[in-house]
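Here is the structure we will look at, set down as structure tokens.
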Amino acid sequence: TGTGGLTTVWASGGYVWDGTKYVQVAANTPVWMSNKLHYYPEATNLQINSRQFDTGWTPTAEIVLTQDQIGLDGQANTAWTFTDNSTIENSRISYITTPITAGTQEVTGRFFVKKDADQSRFIRVQFAAGSNYRSIQINTATGDTTDLSVVGASTVEVQLIGDWWMILIQVTNSSGGQSAYYLYPANGSVWGVQDPTTTGSAVFGEVETFDNKTIAEVRGLPMIPTAGTAVTMDRTAYSFEGANHDNADGIWVCDWEVSANANETAGDQSIINTDTQAAGWGLSYAAAAGTVRSYDGTSTAEIIWTDGWLKDKPISVGVVYHASDAEFRSFADSNLGATTAYDGAFIGTSLVIMHRTTAGSIPAKMSNLR
């Protein structure tokens with residue numbers, strides 16, 4: 001609530017999941033879904049032709065690619081059926097030259113495979129960062145995965161998004177300068193065993209690569225389709241009129257949820273700020289390991305609770321402050337932090353919502369801001 005309305009800056013909107021499909025949100029439009037305001041950090045999908053598999057990708061001679069399925073965006077003929085008719089080899093399609101930073105950072109691949117009832121064949125996907133990789137077999141009926149080959153440190157996660165399996169593979173780069181995908185629609189008929197005589201098909205919708213990002217940072221992102229070049233989705237930036245804030249006495253509270261557990265986050269997650277600078281997180285922000293804090297420019301009031309926040313679970317967070325008593329306190333749900341000396345004013349005169357520009361920012365949602 002308040003005066004002046006919500007100002008939004010989002011130069012390049014992404015495709016946001018609305019519960020049934022990914023819908024593209026217009027630039028500079030607040031992202032409201034299910035009565036919640038969505039925040040997304042900047043992210044770049046480096047995978048070129050992320051859903052145009054007949055362009056730039058390298059198929060083996062025996063694989064058949066057909067653009068004939070309803071895609072993640074609900075549009076006809078935007079997803080592909082990959083068919084392996086060969087009883088001689090495991091047919092595949094690959095892309096092996098996506099440029100990444102030559103370091104030891106985390107690189108995360110996210111791809112979408114249509115859920116079906118077919119357990120007569122299991123698909124295989126291999127994702128690599130430099131010479132490190134993870135090769136997994138996937139049951140498209142259950143979403144189960146099993147490792148076929150692993151080199152270097154890596155992690156796998158699977159979520160069901162509507163009718164699609166969203167599968168994420170995070171690999172620690174071996175200092176190589178490229179990442180790679182290998183996609184096999186029919187890798188074997190016995191779980192965990194590769195068999196070149198296996199035939200069958202599977203539907204792929206989107207394949208993405210994110211450099212220097214973990215699964216926790218990627219899982220909640222919008223879909224970011226690409227064509228001939230990598231695509232960067234700008235972060236969302238929301239603000240209210242600063243007049244809605246009074247430094248003297250007040251309380252700010254909202255319901256806030258984030259697409260990662262507290263122990264997965266690498267940095268502070270801003271919630272309600274009075275300043276856009278890193279040194280002035282302001283009214284309420286969440287720190288790693290489950291701490292909610294408020295900073296007035298002199299002191300920090302915080303509340304720490306054992307479990308921290310949990311992925312996709314809303315919590316009520318905020319701050320109460322009294323200049324007359326020279327004190328302020330942070331809170332999370334029904335937990336109040338210690339009373340802390342308040343210097344009478346927060347840094348800045350603006351009022352910004354979920355403002356975060358540095359690395360480690362996690363997609364989040366907010367409701368009932370008051």
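Letters for chains follow the order of the structure tokens (A, B, ...), residue numbers begin at 1 for each chain, and ligand numbers begin at 1 in the order shown.
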
- [ ] For region 46-49 of chain A, list every protein, DNA or RNA residue within 12 Å, evaluated using only C-alpha atoms, and leave out those in the same chain fewer than 5 positions away; present the list as number ranges by chain.
- [x] A: 54-58, 94-101, 107-111, 127, 178-181, 205-213, 224-233

Could you write out the selected residues, including C-alpha atoms, as a PDB file, in the first residue's frame?
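In the end it all went to part13.pdb:
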```pdb
ATOM      1  CA  ASP A  54      17.985 -27.666 -36.666  1.00  0.00           C
ATOM      2  CA  THR A  55      20.269 -24.618 -36.584  1.00  0.00           C
ATOM      3  CA  GLY A  56      23.820 -24.679 -35.241  1.00  0.00           C
ATOM      4  CA  TRP A  57      23.419 -28.055 -33.551  1.00  0.00           C
ATOM      5  CA  THR A  58      25.204 -31.149 -34.861  1.00  0.00           C
ATOM      6  CA  SER A  94      25.194 -32.021 -29.811  1.00  0.00           C
ATOM      7  CA  TYR A  95      26.447 -28.463 -29.340  1.00  0.00           C
ATOM      8  CA  ILE A  96      30.051 -28.360 -28.130  1.00  0.00           C
ATOM      9  CA  THR A  97      31.314 -24.793 -28.633  1.00  0.00           C
ATOM     10  CA  THR A  98      29.392 -22.571 -26.185  1.00  0.00           C
ATOM     11  CA  PRO A  99      31.970 -20.054 -24.825  1.00  0.00           C
ATOM     12  CA  ILE A 100      32.391 -19.783 -21.046  1.00  0.00           C
ATOM     13  CA  THR A 101      34.988 -18.169 -18.796  1.00  0.00           C
ATOM     14  CA  VAL A 107      28.479 -23.588 -14.841  1.00  0.00           C
ATOM     15  CA  THR A 108      24.850 -24.705 -14.876  1.00  0.00           C
ATOM     16  CA  GLY A 109      22.926 -26.276 -17.717  1.00  0.00           C
ATOM     17  CA  ARG A 110      19.127 -26.208 -17.590  1.00  0.00           C
ATOM     18  CA  PHE A 111      17.028 -28.147 -20.067  1.00  0.00           C
ATOM     19  CA  PHE A 127      26.629 -31.527 -19.958  1.00  0.00           C
ATOM     20  CA  GLN A 178      33.709 -24.020 -23.631  1.00  0.00           C
ATOM     21  CA  SER A 179      30.677 -25.921 -22.420  1.00  0.00           C
ATOM     22  CA  ALA A 180      28.929 -28.701 -24.320  1.00  0.00           C
ATOM     23  CA  TYR A 181      25.649 -30.607 -24.556  1.00  0.00           C
ATOM     24  CA  GLY A 205      11.660 -27.859 -25.381  1.00  0.00           C
ATOM     25  CA  GLU A 206      14.569 -25.599 -24.345  1.00  0.00           C
ATOM     26  CA  VAL A 207      18.279 -25.987 -23.543  1.00  0.00           C
ATOM     27  CA  GLU A 208      20.200 -23.294 -21.634  1.00  0.00           C
ATOM     28  CA  THR A 209      23.705 -22.598 -20.323  1.00  0.00           C
ATOM     29  CA  PHE A 210      24.546 -20.171 -17.494  1.00  0.00           C
ATOM     30  CA  ASP A 211      28.178 -19.345 -16.737  1.00  0.00           C
ATOM     31  CA  ASN A 212      29.249 -18.615 -13.160  1.00  0.00           C
ATOM     32  CA  LYS A 213      25.842 -19.555 -11.743  1.00  0.00           C
ATOM     33  CA  ILE A 224      15.419 -17.166 -21.830  1.00  0.00           C
ATOM     34  CA  PRO A 225      15.171 -18.402 -25.434  1.00  0.00           C
ATOM     35  CA  THR A 226      17.948 -17.563 -27.875  1.00  0.00           C
ATOM     36  CA  ALA A 227      18.415 -17.576 -31.633  1.00  0.00           C
ATOM     37  CA  GLY A 228      21.738 -16.720 -33.270  1.00  0.00           C
ATOM     38  CA  THR A 229      23.331 -15.044 -30.243  1.00  0.00           C
ATOM     39  CA  ALA A 230      23.357 -15.323 -26.476  1.00  0.00           C
ATOM     40  CA  VAL A 231      20.554 -13.410 -24.724  1.00  0.00           C
ATOM     41  CA  THR A 232      20.831 -11.403 -21.503  1.00  0.00           C
ATOM     42  CA  MET A 233      17.707 -10.820 -19.440  1.00  0.00           C
TER      43      MET A 233
END
```

Neighbouring residues of Asp325 (chain A) were defined as those with any atom within 12 Å, considering only C-alpha atoms; residues of the same chain fewer than 4 positions away were excluded. Please report them as a ChimeraX atom specification. /A:248-250,320-321,329,339-344

Among listed residues A:Gly71, A:Gly103, A:Pro41, A:Pro30, nearest Gly162 (chain A) (using only C-alpha atoms):
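Nearest candidate to Gly162 (chain A) out of A:Gly71, A:Gly103, A:Pro41, A:Pro30: A:Gly71.
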
Spatial neighbours of region 253-270 of chain A, max dist 8 Å, only C-alpha atoms, sep filter under 5 positions, as JSON, numbers by chain: {"A": [216, 217, 219, 220, 281, 284, 285, 286, 287, 288, 289, 290, 307, 308, 309, 310, 311, 312, 313, 314, 315, 316, 317, 318, 319, 353, 354, 355, 356, 359, 360, 361, 362, 363, 364, 365, 366, 367, 368, 369, 370]}

Open item on the list: Just want the 6 Å neighbourhood of Asp73 (chain A), counted on only C-alpha atoms, with same-chain residues fewer than 2 positions away dropped. Output as a VMD selection string.
Closed with: chain A and resid 21 to 23 71 75

Output N, CA, C and O atoms of each residue in that selection to a file, as a PDB file, in the first residue's frame.
```pdb
ATOM      1  N   LYS A  21       2.308 -22.465 -18.285  1.00  0.00           N
ATOM      2  CA  LYS A  21       3.235 -22.252 -19.405  1.00  0.00           C
ATOM      3  C   LYS A  21       4.103 -21.040 -19.110  1.00  0.00           C
ATOM      4  O   LYS A  21       3.833 -20.272 -18.171  1.00  0.00           O
ATOM      5  N   TYR A  22       5.142 -20.865 -19.922  1.00  0.00           N
ATOM      6  CA  TYR A  22       5.981 -19.674 -19.832  1.00  0.00           C
ATOM      7  C   TYR A  22       5.395 -18.585 -20.732  1.00  0.00           C
ATOM      8  O   TYR A  22       5.227 -18.788 -21.934  1.00  0.00           O
ATOM      9  N   VAL A  23       5.084 -17.438 -20.137  1.00  0.00           N
ATOM     10  CA  VAL A  23       4.519 -16.323 -20.897  1.00  0.00           C
ATOM     11  C   VAL A  23       5.503 -15.155 -20.874  1.00  0.00           C
ATOM     12  O   VAL A  23       6.116 -14.869 -19.846  1.00  0.00           O
ATOM     13  N   GLY A  71       5.125 -26.129 -27.295  1.00  0.00           N
ATOM     14  CA  GLY A  71       6.309 -25.814 -26.502  1.00  0.00           C
ATOM     15  C   GLY A  71       6.005 -25.338 -25.100  1.00  0.00           C
ATOM     16  O   GLY A  71       4.854 -25.288 -24.647  1.00  0.00           O
ATOM     17  N   GLN A  75       2.806 -22.528 -27.334  1.00  0.00           N
ATOM     18  CA  GLN A  75       2.637 -22.305 -28.769  1.00  0.00           C
ATOM     19  C   GLN A  75       2.923 -23.590 -29.552  1.00  0.00           C
ATOM     20  O   GLN A  75       3.814 -24.368 -29.203  1.00  0.00           O
TER      21      GLN A  75
END
```

Original post:
Which residues in region 100-136 of chain A does DSSP call strand (DSSP E or B)? List them as an MDAnalysis selection string.
Top reply: chainID A and resid 106:114 122:129 132:136

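Residues of region 67-291 of chain A assigned to helix (DSSP H, G or I) by DSSP on this structure's backbone: Ile215, Ala216, Glu217, Val218, Gly242, Ala243, Asn244, Ala262, Asn263 and Glu264 of chain A.
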
task = Give me the residues within 7 Å of Trp80 (chain A) as a list of chain:residue names, counting only C-alpha atoms and dropping any in the same chain fewer than 3 places off.
result = A:Leu65, A:Thr66, A:Gln67, A:Asp68, A:Gln69, A:Val203, A:Phe204, A:Gly205

Expressed in Å, the length from CA of Ser131 (chain A) to CA of Asp144 (chain A) is 25.2 Å

**Asked** With only C-alpha atoms as the atoms that count, which of A:Gly297, A:Val352, A:Phe331, A:Ala129 lies nearest to Ile251 (chain A)?
**Response**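 Going through A:Gly297, A:Val352, A:Phe331, A:Ala129 one by one, the smallest distance to Ile251 (chain A) is for A:Phe331.
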
Notebook entry, point to check: Between A:Ser175, A:Ser294, A:Asn187, A:Gln159, which is the closest to Glu89 (chain A) once you count only C-alpha atoms?
Noted result: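 The shortest atom-to-atom distance to Glu89 (chain A) comes from A:Asn187.
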
Pick out the closest residue to Gln119 (chain A) from this set: A:Ile88, A:Ala186, A:Ile136, A:Val151. Count only C-alpha atoms.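 The closest residue to Gln119 (chain A) is A:Ala186.
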